[in-house]
Amino acid sequence: MAASRKCSRPLCPNSAVSTLTYVYAQSTAVLGPLATYPEPHCYDLCESHASRLKPPHGWELVTLHPDPSTLRPTDEELADLASTIRDTSVSTDPNDLNPGARRGHLRVIRD
Ligand SMILES: [Zn+2]
């Protein structure tokens, strides 16, 4: 991620923490986490300005607060993934010249 960017509000010295994007077609302002790269039609805002943001009259403001814990797979999903890898890593195709051979380079590591 780029070194901290400044809030785009005039005279504001604070570092930006959020990025505001206007979706003109839907009259919606979307306030989300700081974009990875500065975009020409987006506005970086500091925490203070982001929290006080009011959308233009007639516009809807959508605030995105992704919870980092929801971005991680659950233990169940990891178990499913491991099971899928295990199932697909051994060939069951009778026409395969080397049945039972492992495929790919992924291994299931048990604890
Ligand atoms: Zn600011």
# chains A, B, ... in the order shown; residues from 1 in each chain; ligands from 1
>>> select_by_dssp(residues="range 21-98 of chain A", states="helix (DSSP H, G or I)", output="list in words")
Tyr24, Ala25, Gln26, Glu47, Ser48, His49, Ala50, Ser51, Pro68, Ser69, Thr70, Leu71, Asp75, Glu76, Glu77, Leu78, Ala79, Asp80, Leu81, Ala82, Ser83, Thr84, Ile85, Arg86, Asp87, Thr88 and Ser89 of chain A
>>> residues_near_ligand(ligand="ligand 1", cutoff="8 Å", atoms="only C-alpha atoms and all ligand atoms", output="PDB file with C-alpha atoms, in the first residue's frame")
ATOM      1  CA  LYS A   6      -3.554  13.082   2.893  1.00  0.00           C
ATOM      2  CA  CYS A   7      -7.195  13.938   3.321  1.00  0.00           C
ATOM      3  CA  SER A   8      -8.473  15.631   0.170  1.00  0.00           C
ATOM      4  CA  ARG A   9     -10.412  18.318   2.097  1.00  0.00           C
ATOM      5  CA  PRO A  10      -8.801  21.739   1.759  1.00  0.00           C
ATOM      6  CA  CYS A  12      -6.862  19.276   6.290  1.00  0.00           C
ATOM      7  CA  PRO A  13      -3.467  17.940   7.412  1.00  0.00           C
ATOM      8  CA  ASN A  14      -4.710  14.501   8.474  1.00  0.00           C
ATOM      9  CA  SER A  15      -3.895  11.209   6.806  1.00  0.00           C
ATOM     10  CA  ALA A  16      -6.673   9.680   4.758  1.00  0.00           C
ATOM     11  CA  LEU A  45     -10.846  11.429   3.566  1.00  0.00           C
ATOM     12  CA  CYS A  46      -9.420  11.419   7.075  1.00  0.00           C
ATOM     13  CA  GLU A  47     -11.319   9.743   9.911  1.00  0.00           C
ATOM     14  CA  SER A  48     -12.761  13.038  11.067  1.00  0.00           C
ATOM     15  CA  HIS A  49     -14.047  14.147   7.672  1.00  0.00           C
ATOM     16  CA  ALA A  50     -15.287  10.662   6.831  1.00  0.00           C
TER      17      ALA A  50
END
>>> atom_distance(atom1="CA of Thr36 in chain A", atom2="CA of Ser51 in chain A")
20.1 Å
>>> residues_around(residues="Gly32 in chain A", least_positions_apart="2", cutoff="10 Å", atoms="only C-alpha atoms", output="VMD selection string")
chain A and resid 17 to 21 29 to 30 34 to 35 44 to 45 50 62 to 66
>>> write_last_selection(atoms="C-alpha atoms", output="PDB file, in the first residue's frame")
ATOM      1  CA  VAL A  17      -8.308   6.508   6.071  1.00  0.00           C
ATOM      2  CA  SER A  18     -11.302   6.252   3.718  1.00  0.00           C
ATOM      3  CA  THR A  19     -12.052   6.766   0.061  1.00  0.00           C
ATOM      4  CA  LEU A  20     -15.251   8.390  -1.131  1.00  0.00           C
ATOM      5  CA  THR A  21     -16.571   7.480  -4.561  1.00  0.00           C
ATOM      6  CA  ALA A  29     -21.883   8.182  -2.483  1.00  0.00           C
ATOM      7  CA  VAL A  30     -19.873   5.179  -1.354  1.00  0.00           C
ATOM      8  CA  LEU A  34      -8.840   3.728   1.688  1.00  0.00           C
ATOM      9  CA  ALA A  35      -8.343   2.702  -1.929  1.00  0.00           C
ATOM     10  CA  ASP A  44      -9.550  10.364   0.180  1.00  0.00           C
ATOM     11  CA  LEU A  45     -10.846  11.429   3.566  1.00  0.00           C
ATOM     12  CA  ALA A  50     -15.287  10.662   6.831  1.00  0.00           C
ATOM     13  CA  VAL A  62     -23.390   3.862   1.586  1.00  0.00           C
ATOM     14  CA  THR A  63     -20.664   3.182   4.110  1.00  0.00           C
ATOM     15  CA  LEU A  64     -18.635   0.036   3.779  1.00  0.00           C
ATOM     16  CA  HIS A  65     -17.022  -1.359   6.907  1.00  0.00           C
ATOM     17  CA  PRO A  66     -15.516  -4.671   5.948  1.00  0.00           C
TER      18      PRO A  66
END
>>> residues_around(residues="Val108 in chain A", least_positions_apart="5", cutoff="8 Å", atoms="only C-alpha atoms", output="JSON, numbers by chain")
{"A": [82, 85, 86]}
>>> atom_distance(atom1="CA of Pro33 in chain A", atom2="CA of Glu76 in chain A")
27.9 Å
>>> atom_distance(atom1="CA of Pro38 in chain A", atom2="CA of Leu53 in chain A")
19.1 Å
>>> closest_residue(among="A:Leu78, A:Tyr37, A:Arg107, A:Arg72", to="Arg5 in chain A", atoms="only C-alpha atoms")
A:Tyr37
